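Please read the structure below before turning to the comments.
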Amino acid sequence: MTQKILNFQLAIKDYLCILQTKKQNAREFMKLFLKLTLIQIVFAIFAFADNVPLEEVSLQLHWKHQFEFAGYYMAKEKGFFKDVGFDVNISEYRNGRNITDSVTHNEHTFAIGYSSAILDEINTNKIVLLSATLQSSPHVLISLKSSGIKSIRDFKNRKIMIDGEATKSAAFMAMLHANGMTFNDMIVQEPTFDVERLIDSTTDLAAYYYSNETYELDKEGVAYDVWDPKDYGFDFYSDILFTSKKEAKEHPQLVENFRIASLKGWEYAFEHIDETTEVILREYNSQNKTRGALLYEARALKQLAYQDNLALGTIQKERIQRLIDIYALLGLYKNNLDIDELLYKTSNKFHLTQAEKDYVKNKKTINMCSDPDWMPFEKIENGEHIGIAASYFDLVRKTTNLDIRLVETKSWSESLEFAKQRKCDIVSLLMYTSERKKYLDFTDSYLKVPIVMATKTDVPFVDDFHSLKGKKLGIPKSYAFAEILKIDYPDLTIVEVKNIDDGLNKVLRGELYGYVGTLASVGYAFQKQFTGELKISGKFDGAWDMGVGVRNDDPTLFGIFQ
């Protein structure tokens with residue numbers, strides 16, 4: 001229901017209150033008047049609600065309907081698109097259709113593409129990448145063990161089922177190139193995407209999503225080999241949402257709203273897999289998939305969507321650069337590409353929708369929790385929020401006019417508990433975790449920081465953290481990175497500490513082998529207290545991507561912070 005309707009209802013309520021103060025002798029007349037008026041009002045409200053104009057936008061998929069596009073189905077099904085004013089038409093793939101052209105020629109507003117969309121961008125300079133549903137691609141080549149194919153070099157002169165878009169996949173091309181092969185060395189066949197042609201030897205190899213066809217092969221009890229580019233060091237995004245540069249430039253708020261609503265749809269789809277599967281079976285099952293096949297696909301894709309514990313939809317500049325470098329190595333382009341032009345970013349000019357403006361006007365206070373002791377990022381000192389994050393929130397206050405008030409806590413664990421209990425509307429700076437997702441939504445990151453290990457000065461530099469089996473490493477209680485460490489390095493002994501000072505002092509006393517934290521916070525502590533006594537002895541792969549956590553029952557507030 002729109003804000004205008006809500007305001008209309010409030011006006012009606014006020015009007016009725018006034019009427020009730022009229023003299024007793026006018027009551028009988030007013031009863032009849034109100035009866036007629038309220039009937040008219042009810043019809044007016046519903047007529048108004050039903051006729052609020054929605055903007056028609058369209059989404060072109062790069063394959064047939066299945067769980068691979070569930071987030072968009074659920075954004076439509078649950079009204080997330082409608083909430084931001086969209087009537088979305090979702091078109092499944094038709095053979096021979098050029099996905100990129102459908103967007104750049106204004107046939108569709110948005111589209112989903114493989115990583116080959118990057119190659120199209122290099123050639124056309126007309127698209128912008130908005131988000132990546134899958135952090136790692138499930139697109140692989142599969143052969144049966146009975147085929148006699150033992151290595152990639154055995155692909156030579158073999159038949160392969162693969163579509164034209166997939167032959168432009170940087171991951172496939174790089175994997176082949178690294179083994180002295182190209183698609184020209186094979187007999188390329190039009191794909192049918194059924195496993196029977198592989199089983200009856202009509203083809204030797206096929207490009208499949210291992211979230212799909214391997215389910216059928218497993219059911220048939222057929223032994224097969226998977227040729228996955230990831231195993232050869234070529235791991236790229238998949239299912240990239242993109243639009244035209246023209247659309248992004250002329251309608252930035254439309255593009256941003258669609259991106260946010262889509263991600264919300266994906267979050268819902270992955271959190272409600274059974275419900276989403278039923279929607280697909282009922283509304284989008286053009287391939288006649290079984291419930292079992294869709295559930296198999298859903299679980300496989302969820303792992304890839306949240307890989308490395310990154311926020312859903314994340315696109316990192318460094319990974320796009322690696323993809324471009326691969327294309328350059330393969331000789332597919334020689335010109336320089338400005339990655340910043342390729343990746344979508346919100347407009348420098350801050351826009352609020354009318355609903356958001358009304359929200360800010362009516363909202364009295366936004367309660368914010370933070371980490372009370374994590375400098376230089378943030379700290380609570382004499383009742384004030386200080387540090388890098390505090391500077392960001394000073395800008396947020398000025399930009400939005402929101403009254404953001406600090407809720408004082410004694411520890412990071414208490415801050416998270418307050419957020420869970422809704423004592424806080426937002427958390428100023430934190431990483432995504434699946435546990436936190438139960439009560440928070442996460443904005444895109446506004447800080448990205450390297451992760452290091454601090455030890456005594458006599459400890460040699462550590463290149464491989466797997467070598468620290470049995471060593472005690474400290475990390476503050478409730479920090480998200482502890483979950484990642486336990487998964488990636490199961491042999492490490494993770495010890496929770498109160499805060500960074502507690503952790504570093506325990507290292508100094510020999511109670512811990514090392515302390516894990518951010519480069520900035522550890523460096524800050526060294527300057528203040530531990531100069532010459534401790535050192536940085538290792539750097540973990542990746543970094544902490546940190547944004548704002550917003551209570552997940554307030555989508556308008558999330559939209560403002562996003």
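Chain labels run A, B, ... following the order of the structure tokens; each chain numbers its residues from 1, and ligands are numbered from 1 in the order shown.
The residues of segment 210-358 of chain A that DSSP assigns to strand (DSSP E or B) on this backbone come out as Tyr224, Asp225, Val226, Trp227, Ser238, Asp239, Ile240, Leu241, Phe242, Thr243, Ser244, Gly313 and Leu343 of chain A.
All residues of protein, DNA or RNA that reach within 8 Å of segment 163-169 of chain A, judged by only C-alpha atoms and not counting those fewer than 6 positions away in the chain, are A:Tyr114, A:Ser115, A:Ser116, A:Leu119, A:Phe183, A:Glu190, A:Pro191, A:Ala207.
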Restricted to N, CA and C atoms, what would the selected residues look like written as a PDB file, in the first residue's frame?
ATOM      1  N   TYR A 114      26.573 -14.871 -18.881  1.00  0.00           N
ATOM      2  CA  TYR A 114      27.780 -15.558 -18.433  1.00  0.00           C
ATOM      3  C   TYR A 114      28.896 -14.524 -18.266  1.00  0.00           C
ATOM      4  N   SER A 115      30.066 -14.989 -17.868  1.00  0.00           N
ATOM      5  CA  SER A 115      31.213 -14.080 -17.786  1.00  0.00           C
ATOM      6  C   SER A 115      31.599 -13.566 -19.173  1.00  0.00           C
ATOM      7  N   SER A 116      31.095 -14.211 -20.219  1.00  0.00           N
ATOM      8  CA  SER A 116      31.380 -13.735 -21.578  1.00  0.00           C
ATOM      9  C   SER A 116      30.746 -12.376 -21.840  1.00  0.00           C
ATOM     10  N   LEU A 119      33.357  -9.930 -22.353  1.00  0.00           N
ATOM     11  CA  LEU A 119      33.908  -9.859 -23.703  1.00  0.00           C
ATOM     12  C   LEU A 119      33.018  -9.004 -24.593  1.00  0.00           C
ATOM     13  N   PHE A 183      38.553 -24.848 -28.848  1.00  0.00           N
ATOM     14  CA  PHE A 183      37.328 -25.475 -29.333  1.00  0.00           C
ATOM     15  C   PHE A 183      37.453 -25.862 -30.810  1.00  0.00           C
ATOM     16  N   GLU A 190      25.428 -28.777 -31.806  1.00  0.00           N
ATOM     17  CA  GLU A 190      24.361 -27.999 -31.177  1.00  0.00           C
ATOM     18  C   GLU A 190      23.892 -28.725 -29.919  1.00  0.00           C
ATOM     19  N   PRO A 191      23.739 -28.005 -28.826  1.00  0.00           N
ATOM     20  CA  PRO A 191      23.368 -28.678 -27.579  1.00  0.00           C
ATOM     21  C   PRO A 191      21.881 -28.990 -27.493  1.00  0.00           C
ATOM     22  N   ALA A 207      28.767 -29.455 -22.255  1.00  0.00           N
ATOM     23  CA  ALA A 207      28.861 -28.350 -21.298  1.00  0.00           C
ATOM     24  C   ALA A 207      27.577 -28.326 -20.484  1.00  0.00           C
TER      25      ALA A 207
END
- Message: Taking 4 positions as the minimum chain separation for residues in the same chain, which residues sit within 9 Å of segment 475-480 of chain A when counting only C-alpha atoms? Answer as a PyMOL selection string.
- Response: chain A and resi 412-413+416+430-433+484+494-500+502-503+515-517
With N, CA and C atoms retained, could you export that selection as a compact mmCIF listing (two decimals), in the first residue's frame?
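Final file, out.txt:
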# COMPACT_ATOMS: atom_id res chain seq x y z
N TRP A 412 31.30 -6.29 21.67
CA TRP A 412 30.77 -6.58 20.34
C TRP A 412 29.66 -7.63 20.41
N SER A 413 29.83 -8.62 21.26
CA SER A 413 28.80 -9.65 21.42
C SER A 413 27.49 -9.04 21.90
N LEU A 416 25.71 -7.27 18.99
CA LEU A 416 24.99 -8.21 18.13
C LEU A 416 23.72 -8.72 18.81
N LEU A 430 30.00 -4.21 9.87
CA LEU A 430 30.13 -5.64 10.12
C LEU A 430 30.13 -6.43 8.82
N MET A 431 30.54 -7.70 8.94
CA MET A 431 30.56 -8.63 7.82
C MET A 431 29.28 -9.44 7.80
N TYR A 432 28.97 -9.95 6.64
CA TYR A 432 27.86 -10.89 6.47
C TYR A 432 28.22 -12.25 7.06
N THR A 433 27.28 -12.87 7.76
CA THR A 433 27.36 -14.30 8.08
C THR A 433 25.95 -14.86 7.96
N ILE A 484 34.89 -18.36 9.31
CA ILE A 484 35.63 -18.66 8.08
C ILE A 484 36.90 -19.46 8.39
N ILE A 494 41.15 -22.21 17.46
CA ILE A 494 40.66 -20.83 17.56
C ILE A 494 40.22 -20.55 19.00
N VAL A 495 40.78 -19.50 19.58
CA VAL A 495 40.47 -19.12 20.96
C VAL A 495 39.81 -17.75 20.94
N GLU A 496 38.64 -17.64 21.54
CA GLU A 496 37.94 -16.36 21.61
C GLU A 496 38.55 -15.49 22.70
N VAL A 497 38.77 -14.22 22.37
CA VAL A 497 39.29 -13.25 23.34
C VAL A 497 38.29 -12.10 23.48
N LYS A 498 38.45 -11.28 24.51
CA LYS A 498 37.50 -10.20 24.76
C LYS A 498 37.56 -9.13 23.66
N ASN A 499 38.78 -8.73 23.30
CA ASN A 499 38.98 -7.67 22.32
C ASN A 499 40.42 -7.73 21.83
N ILE A 500 40.82 -6.76 21.03
CA ILE A 500 42.17 -6.79 20.45
C ILE A 500 43.25 -6.65 21.52
N ASP A 502 43.10 -7.59 24.67
CA ASP A 502 43.17 -8.87 25.38
C ASP A 502 43.92 -9.89 24.55
N GLY A 503 43.64 -9.95 23.25
CA GLY A 503 44.28 -10.91 22.37
C GLY A 503 45.77 -10.69 22.23
N TYR A 515 47.48 -13.62 17.06
CA TYR A 515 46.18 -12.95 17.11
C TYR A 515 45.79 -12.59 15.68
N VAL A 516 44.52 -12.86 15.32
CA VAL A 516 44.02 -12.59 13.97
C VAL A 516 43.15 -11.34 14.00
N GLY A 517 43.49 -10.39 13.14
CA GLY A 517 42.71 -9.15 13.07
C GLY A 517 42.99 -8.41 11.79
Picked from segment 282-441 of chain A by DSSP as alpha helix (DSSP H), as a PDB file with N, CA and C atoms, in the first residue's frame:
ATOM      1  N   ARG A 282       4.909 -24.616 -10.067  1.00  0.00           N
ATOM      2  CA  ARG A 282       3.568 -24.137 -10.422  1.00  0.00           C
ATOM      3  C   ARG A 282       3.576 -23.122 -11.564  1.00  0.00           C
ATOM      4  N   GLU A 283       4.589 -22.239 -11.599  1.00  0.00           N
ATOM      5  CA  GLU A 283       4.546 -21.099 -12.511  1.00  0.00           C
ATOM      6  C   GLU A 283       5.630 -21.086 -13.594  1.00  0.00           C
ATOM      7  N   ARG A 291      10.638 -32.141  -8.594  1.00  0.00           N
ATOM      8  CA  ARG A 291      10.926 -31.452  -7.340  1.00  0.00           C
ATOM      9  C   ARG A 291      12.347 -31.806  -6.866  1.00  0.00           C
ATOM     10  N   GLY A 292      12.704 -33.058  -6.983  1.00  0.00           N
ATOM     11  CA  GLY A 292      14.035 -33.488  -6.561  1.00  0.00           C
ATOM     12  C   GLY A 292      15.145 -32.788  -7.317  1.00  0.00           C
ATOM     13  N   ALA A 293      14.954 -32.620  -8.627  1.00  0.00           N
ATOM     14  CA  ALA A 293      15.976 -31.955  -9.448  1.00  0.00           C
ATOM     15  C   ALA A 293      16.123 -30.491  -9.045  1.00  0.00           C
ATOM     16  N   LEU A 294      15.005 -29.824  -8.771  1.00  0.00           N
ATOM     17  CA  LEU A 294      15.050 -28.415  -8.378  1.00  0.00           C
ATOM     18  C   LEU A 294      15.695 -28.236  -7.008  1.00  0.00           C
ATOM     19  N   LEU A 295      15.409 -29.136  -6.089  1.00  0.00           N
ATOM     20  CA  LEU A 295      16.020 -29.050  -4.762  1.00  0.00           C
ATOM     21  C   LEU A 295      17.521 -29.301  -4.844  1.00  0.00           C
ATOM     22  N   TYR A 296      17.922 -30.242  -5.672  1.00  0.00           N
ATOM     23  CA  TYR A 296      19.345 -30.529  -5.902  1.00  0.00           C
ATOM     24  C   TYR A 296      20.046 -29.283  -6.446  1.00  0.00           C
ATOM     25  N   GLU A 297      19.425 -28.661  -7.431  1.00  0.00           N
ATOM     26  CA  GLU A 297      19.971 -27.453  -8.038  1.00  0.00           C
ATOM     27  C   GLU A 297      20.067 -26.330  -7.011  1.00  0.00           C
ATOM     28  N   ALA A 298      19.013 -26.144  -6.213  1.00  0.00           N
ATOM     29  CA  ALA A 298      18.972 -25.062  -5.236  1.00  0.00           C
ATOM     30  C   ALA A 298      20.123 -25.157  -4.241  1.00  0.00           C
ATOM     31  N   ARG A 299      20.360 -26.333  -3.730  1.00  0.00           N
ATOM     32  CA  ARG A 299      21.412 -26.502  -2.719  1.00  0.00           C
ATOM     33  C   ARG A 299      22.801 -26.249  -3.305  1.00  0.00           C
ATOM     34  N   ALA A 300      23.004 -26.707  -4.538  1.00  0.00           N
ATOM     35  CA  ALA A 300      24.301 -26.483  -5.191  1.00  0.00           C
ATOM     36  C   ALA A 300      24.533 -24.999  -5.447  1.00  0.00           C
ATOM     37  N   LEU A 301      23.507 -24.288  -5.925  1.00  0.00           N
ATOM     38  CA  LEU A 301      23.654 -22.863  -6.249  1.00  0.00           C
ATOM     39  C   LEU A 301      23.810 -22.012  -4.996  1.00  0.00           C
ATOM     40  N   LYS A 302      23.149 -22.397  -3.913  1.00  0.00           N
ATOM     41  CA  LYS A 302      23.268 -21.621  -2.674  1.00  0.00           C
ATOM     42  C   LYS A 302      24.717 -21.607  -2.183  1.00  0.00           C
ATOM     43  N   GLN A 303      25.391 -22.733  -2.287  1.00  0.00           N
ATOM     44  CA  GLN A 303      26.799 -22.782  -1.885  1.00  0.00           C
ATOM     45  C   GLN A 303      27.642 -21.829  -2.714  1.00  0.00           C
ATOM     46  N   LEU A 304      27.363 -21.775  -4.013  1.00  0.00           N
ATOM     47  CA  LEU A 304      28.146 -20.908  -4.908  1.00  0.00           C
ATOM     48  C   LEU A 304      27.798 -19.437  -4.708  1.00  0.00           C
ATOM     49  N   ALA A 305      26.557 -19.151  -4.352  1.00  0.00           N
ATOM     50  CA  ALA A 305      26.132 -17.758  -4.178  1.00  0.00           C
ATOM     51  C   ALA A 305      26.792 -17.122  -2.967  1.00  0.00           C
ATOM     52  N   LYS A 317      36.357  -5.793  -8.136  1.00  0.00           N
ATOM     53  CA  LYS A 317      37.131  -5.237  -9.248  1.00  0.00           C
ATOM     54  C   LYS A 317      38.328  -6.125  -9.591  1.00  0.00           C
ATOM     55  N   GLU A 318      38.967  -6.689  -8.559  1.00  0.00           N
ATOM     56  CA  GLU A 318      40.167  -7.489  -8.788  1.00  0.00           C
ATOM     57  C   GLU A 318      39.857  -8.738  -9.613  1.00  0.00           C
ATOM     58  N   ARG A 319      38.702  -9.372  -9.339  1.00  0.00           N
ATOM     59  CA  ARG A 319      38.354 -10.584 -10.079  1.00  0.00           C
ATOM     60  C   ARG A 319      37.961 -10.266 -11.517  1.00  0.00           C
ATOM     61  N   ILE A 320      37.334  -9.118 -11.724  1.00  0.00           N
ATOM     62  CA  ILE A 320      37.019  -8.699 -13.088  1.00  0.00           C
ATOM     63  C   ILE A 320      38.302  -8.416 -13.855  1.00  0.00           C
ATOM     64  N   GLN A 321      39.286  -7.824 -13.179  1.00  0.00           N
ATOM     65  CA  GLN A 321      40.572  -7.549 -13.834  1.00  0.00           C
ATOM     66  C   GLN A 321      41.244  -8.848 -14.258  1.00  0.00           C
ATOM     67  N   ARG A 322      41.163  -9.866 -13.408  1.00  0.00           N
ATOM     68  CA  ARG A 322      41.763 -11.162 -13.774  1.00  0.00           C
ATOM     69  C   ARG A 322      41.068 -11.741 -14.994  1.00  0.00           C
ATOM     70  N   LEU A 323      39.766 -11.608 -15.055  1.00  0.00           N
ATOM     71  CA  LEU A 323      39.020 -12.104 -16.205  1.00  0.00           C
ATOM     72  C   LEU A 323      39.462 -11.390 -17.481  1.00  0.00           C
ATOM     73  N   ILE A 324      39.614 -10.082 -17.396  1.00  0.00           N
ATOM     74  CA  ILE A 324      40.058  -9.301 -18.556  1.00  0.00           C
ATOM     75  C   ILE A 324      41.474  -9.698 -18.962  1.00  0.00           C
ATOM     76  N   ASP A 325      42.320  -9.946 -17.967  1.00  0.00           N
ATOM     77  CA  ASP A 325      43.696 -10.371 -18.263  1.00  0.00           C
ATOM     78  C   ASP A 325      43.708 -11.699 -19.024  1.00  0.00           C
ATOM     79  N   ILE A 326      42.772 -12.596 -18.668  1.00  0.00           N
ATOM     80  CA  ILE A 326      42.675 -13.881 -19.366  1.00  0.00           C
ATOM     81  C   ILE A 326      42.294 -13.652 -20.824  1.00  0.00           C
ATOM     82  N   TYR A 327      41.312 -12.789 -21.066  1.00  0.00           N
ATOM     83  CA  TYR A 327      40.913 -12.484 -22.442  1.00  0.00           C
ATOM     84  C   TYR A 327      42.083 -11.891 -23.232  1.00  0.00           C
ATOM     85  N   ALA A 328      42.864 -11.040 -22.569  1.00  0.00           N
ATOM     86  CA  ALA A 328      44.027 -10.451 -23.243  1.00  0.00           C
ATOM     87  C   ALA A 328      45.055 -11.534 -23.576  1.00  0.00           C
ATOM     88  N   LEU A 329      45.275 -12.447 -22.625  1.00  0.00           N
ATOM     89  CA  LEU A 329      46.222 -13.538 -22.844  1.00  0.00           C
ATOM     90  C   LEU A 329      45.793 -14.417 -24.008  1.00  0.00           C
ATOM     91  N   ILE A 339      37.705  -0.478 -16.083  1.00  0.00           N
ATOM     92  CA  ILE A 339      36.832  -1.343 -15.293  1.00  0.00           C
ATOM     93  C   ILE A 339      35.799  -0.531 -14.525  1.00  0.00           C
ATOM     94  N   ASP A 340      36.184   0.657 -14.101  1.00  0.00           N
ATOM     95  CA  ASP A 340      35.244   1.492 -13.360  1.00  0.00           C
ATOM     96  C   ASP A 340      34.025   1.849 -14.212  1.00  0.00           C
ATOM     97  N   GLU A 341      34.210   1.896 -15.521  1.00  0.00           N
ATOM     98  CA  GLU A 341      33.078   2.164 -16.424  1.00  0.00           C
ATOM     99  C   GLU A 341      32.200   0.922 -16.588  1.00  0.00           C
ATOM    100  N   LEU A 342      32.810  -0.238 -16.397  1.00  0.00           N
ATOM    101  CA  LEU A 342      32.090  -1.498 -16.567  1.00  0.00           C
ATOM    102  C   LEU A 342      31.239  -1.842 -15.352  1.00  0.00           C
ATOM    103  N   GLN A 354       9.872   8.997  -2.820  1.00  0.00           N
ATOM    104  CA  GLN A 354       8.910   9.716  -1.996  1.00  0.00           C
ATOM    105  C   GLN A 354       8.603   8.931  -0.721  1.00  0.00           C
ATOM    106  N   ALA A 355       8.500   7.612  -0.858  1.00  0.00           N
ATOM    107  CA  ALA A 355       8.234   6.769   0.319  1.00  0.00           C
ATOM    108  C   ALA A 355       9.370   6.891   1.329  1.00  0.00           C
ATOM    109  N   GLU A 356      10.617   6.943   0.825  1.00  0.00           N
ATOM    110  CA  GLU A 356      11.767   7.079   1.719  1.00  0.00           C
ATOM    111  C   GLU A 356      11.785   8.453   2.385  1.00  0.00           C
ATOM    112  N   LYS A 357      11.432   9.483   1.632  1.00  0.00           N
ATOM    113  CA  LYS A 357      11.349  10.833   2.213  1.00  0.00           C
ATOM    114  C   LYS A 357      10.306  10.875   3.321  1.00  0.00           C
ATOM    115  N   ASP A 358       9.160  10.251   3.079  1.00  0.00           N
ATOM    116  CA  ASP A 358       8.107  10.200   4.098  1.00  0.00           C
ATOM    117  C   ASP A 358       8.586   9.419   5.320  1.00  0.00           C
ATOM    118  N   TYR A 359       9.343   8.354   5.066  1.00  0.00           N
ATOM    119  CA  TYR A 359       9.875   7.538   6.162  1.00  0.00           C
ATOM    120  C   TYR A 359      10.789   8.375   7.048  1.00  0.00           C
ATOM    121  N   VAL A 360      11.727   9.109   6.422  1.00  0.00           N
ATOM    122  CA  VAL A 360      12.674   9.945   7.164  1.00  0.00           C
ATOM    123  C   VAL A 360      11.924  11.003   7.973  1.00  0.00           C
ATOM    124  N   LYS A 361      10.896  11.579   7.347  1.00  0.00           N
ATOM    125  CA  LYS A 361      10.117  12.643   7.995  1.00  0.00           C
ATOM    126  C   LYS A 361       9.390  12.115   9.231  1.00  0.00           C
ATOM    127  N   ASN A 362       8.858  10.902   9.138  1.00  0.00           N
ATOM    128  CA  ASN A 362       8.039  10.359  10.217  1.00  0.00           C
ATOM    129  C   ASN A 362       8.830   9.574  11.260  1.00  0.00           C
ATOM    130  N   ILE A 388      36.780   5.692  12.084  1.00  0.00           N
ATOM    131  CA  ILE A 388      36.487   5.795  10.651  1.00  0.00           C
ATOM    132  C   ILE A 388      34.997   5.657  10.377  1.00  0.00           C
ATOM    133  N   ALA A 389      34.362   4.633  10.974  1.00  0.00           N
ATOM    134  CA  ALA A 389      32.934   4.426  10.746  1.00  0.00           C
ATOM    135  C   ALA A 389      32.117   5.623  11.197  1.00  0.00           C
ATOM    136  N   ALA A 390      32.529   6.248  12.303  1.00  0.00           N
ATOM    137  CA  ALA A 390      31.805   7.422  12.806  1.00  0.00           C
ATOM    138  C   ALA A 390      31.816   8.551  11.781  1.00  0.00           C
ATOM    139  N   SER A 391      32.925   8.688  11.079  1.00  0.00           N
ATOM    140  CA  SER A 391      33.006   9.733  10.040  1.00  0.00           C
ATOM    141  C   SER A 391      32.013   9.457   8.913  1.00  0.00           C
ATOM    142  N   TYR A 392      31.879   8.187   8.550  1.00  0.00           N
ATOM    143  CA  TYR A 392      30.897   7.829   7.525  1.00  0.00           C
ATOM    144  C   TYR A 392      29.487   8.184   7.989  1.00  0.00           C
ATOM    145  N   PHE A 393      29.187   7.886   9.241  1.00  0.00           N
ATOM    146  CA  PHE A 393      27.829   8.125   9.714  1.00  0.00           C
ATOM    147  C   PHE A 393      27.523   9.606   9.919  1.00  0.00           C
ATOM    148  N   ASP A 394      28.552  10.411  10.128  1.00  0.00           N
ATOM    149  CA  ASP A 394      28.335  11.863  10.123  1.00  0.00           C
ATOM    150  C   ASP A 394      27.837  12.306   8.747  1.00  0.00           C
ATOM    151  N   LEU A 395      28.411  11.699   7.692  1.00  0.00           N
ATOM    152  CA  LEU A 395      27.974  12.019   6.327  1.00  0.00           C
ATOM    153  C   LEU A 395      26.552  11.512   6.084  1.00  0.00           C
ATOM    154  N   VAL A 396      26.247  10.324   6.615  1.00  0.00           N
ATOM    155  CA  VAL A 396      24.905   9.762   6.440  1.00  0.00           C
ATOM    156  C   VAL A 396      23.860  10.680   7.079  1.00  0.00           C
ATOM    157  N   ARG A 397      24.152  11.170   8.267  1.00  0.00           N
ATOM    158  CA  ARG A 397      23.208  12.072   8.953  1.00  0.00           C
ATOM    159  C   ARG A 397      22.950  13.324   8.125  1.00  0.00           C
ATOM    160  N   LYS A 398      24.012  13.885   7.588  1.00  0.00           N
ATOM    161  CA  LYS A 398      23.869  15.119   6.802  1.00  0.00           C
ATOM    162  C   LYS A 398      23.110  14.857   5.500  1.00  0.00           C
ATOM    163  N   THR A 399      23.345  13.689   4.906  1.00  0.00           N
ATOM    164  CA  THR A 399      22.750  13.382   3.603  1.00  0.00           C
ATOM    165  C   THR A 399      21.274  13.012   3.708  1.00  0.00           C
ATOM    166  N   THR A 400      20.932  12.266   4.763  1.00  0.00           N
ATOM    167  CA  THR A 400      19.570  11.738   4.867  1.00  0.00           C
ATOM    168  C   THR A 400      18.677  12.489   5.839  1.00  0.00           C
ATOM    169  N   TRP A 412      31.298  -6.295  21.673  1.00  0.00           N
ATOM    170  CA  TRP A 412      30.767  -6.579  20.335  1.00  0.00           C
ATOM    171  C   TRP A 412      29.660  -7.632  20.406  1.00  0.00           C
ATOM    172  N   SER A 413      29.834  -8.618  21.261  1.00  0.00           N
ATOM    173  CA  SER A 413      28.804  -9.647  21.420  1.00  0.00           C
ATOM    174  C   SER A 413      27.492  -9.037  21.902  1.00  0.00           C
ATOM    175  N   GLU A 414      27.603  -8.072  22.817  1.00  0.00           N
ATOM    176  CA  GLU A 414      26.393  -7.419  23.308  1.00  0.00           C
ATOM    177  C   GLU A 414      25.734  -6.595  22.201  1.00  0.00           C
ATOM    178  N   SER A 415      26.536  -5.961  21.350  1.00  0.00           N
ATOM    179  CA  SER A 415      25.990  -5.191  20.223  1.00  0.00           C
ATOM    180  C   SER A 415      25.181  -6.092  19.301  1.00  0.00           C
ATOM    181  N   LEU A 416      25.709  -7.274  18.991  1.00  0.00           N
ATOM    182  CA  LEU A 416      24.988  -8.209  18.128  1.00  0.00           C
ATOM    183  C   LEU A 416      23.721  -8.722  18.809  1.00  0.00           C
ATOM    184  N   GLU A 417      23.798  -8.957  20.114  1.00  0.00           N
ATOM    185  CA  GLU A 417      22.621  -9.423  20.841  1.00  0.00           C
ATOM    186  C   GLU A 417      21.535  -8.344  20.860  1.00  0.00           C
ATOM    187  N   PHE A 418      21.945  -7.080  21.005  1.00  0.00           N
ATOM    188  CA  PHE A 418      20.991  -5.974  20.958  1.00  0.00           C
ATOM    189  C   PHE A 418      20.326  -5.888  19.586  1.00  0.00           C
ATOM    190  N   ALA A 419      21.124  -6.119  18.534  1.00  0.00           N
ATOM    191  CA  ALA A 419      20.562  -6.089  17.182  1.00  0.00           C
ATOM    192  C   ALA A 419      19.540  -7.213  17.004  1.00  0.00           C
ATOM    193  N   LYS A 420      19.858  -8.374  17.555  1.00  0.00           N
ATOM    194  CA  LYS A 420      18.950  -9.516  17.462  1.00  0.00           C
ATOM    195  C   LYS A 420      17.636  -9.235  18.204  1.00  0.00           C
TER     196      LYS A 420
END
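Considering only C-alpha atoms, the residue among A:Gln60, A:Asn179, A:Ser131, A:Asn401 positioned nearest to Phe155 of chain A is A:Asn179.
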- Please identify all polymer residues within 10 Å of Leu508 of chain A, counting only C-alpha atoms, omitting same-chain residues fewer than 3 positions from it, and present them as a PyMOL selection string. chain A and resi 454-457+502-505+511-514+530+533-534
Go ahead and dump the residues you just picked, N, CA and C atoms, as a short mmCIF file (atom, residue, chain, number, x, y, z; two decimals), in the first residue's frame.
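And here's again.cif as it stands now:
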data_model
loop_
_atom_site.label_atom_id
_atom_site.label_comp_id
_atom_site.auth_asym_id
_atom_site.auth_seq_id
_atom_site.Cartn_x
_atom_site.Cartn_y
_atom_site.Cartn_z
N ALA A 454 49.19 -11.43 14.06
CA ALA A 454 50.24 -10.81 14.87
C ALA A 454 50.83 -11.84 15.81
N THR A 455 52.15 -11.86 15.93
CA THR A 455 52.85 -12.81 16.81
C THR A 455 54.00 -12.09 17.53
N LYS A 456 54.72 -12.83 18.33
CA LYS A 456 55.96 -12.31 18.89
C LYS A 456 56.97 -12.09 17.76
N THR A 457 57.97 -11.30 18.04
CA THR A 457 58.93 -10.91 17.00
C THR A 457 59.83 -12.05 16.54
N ASP A 502 43.10 -7.59 24.67
CA ASP A 502 43.17 -8.87 25.38
C ASP A 502 43.92 -9.89 24.55
N GLY A 503 43.64 -9.95 23.25
CA GLY A 503 44.28 -10.91 22.37
C GLY A 503 45.77 -10.69 22.23
N LEU A 504 46.17 -9.45 22.01
CA LEU A 504 47.60 -9.14 21.82
C LEU A 504 48.38 -9.33 23.12
N ASN A 505 47.79 -9.01 24.24
CA ASN A 505 48.47 -9.24 25.52
C ASN A 505 48.68 -10.72 25.78
N GLU A 511 50.44 -17.03 25.89
CA GLU A 511 49.24 -17.83 26.03
C GLU A 511 48.62 -18.17 24.67
N LEU A 512 48.91 -17.36 23.66
CA LEU A 512 48.46 -17.58 22.29
C LEU A 512 49.66 -17.52 21.37
N TYR A 513 49.61 -18.31 20.30
CA TYR A 513 50.66 -18.23 19.28
C TYR A 513 50.51 -16.95 18.47
N GLY A 514 49.28 -16.59 18.15
CA GLY A 514 49.05 -15.39 17.34
C GLY A 514 47.67 -14.82 17.56
N PHE A 530 52.19 -1.69 21.62
CA PHE A 530 53.03 -2.88 21.47
C PHE A 530 54.24 -2.67 20.55
N GLU A 533 57.42 -5.07 20.32
CA GLU A 533 57.20 -6.30 21.07
C GLU A 533 56.51 -7.38 20.24
N LEU A 534 55.68 -6.95 19.30
CA LEU A 534 54.96 -7.86 18.43
C LEU A 534 55.17 -7.46 16.98
#
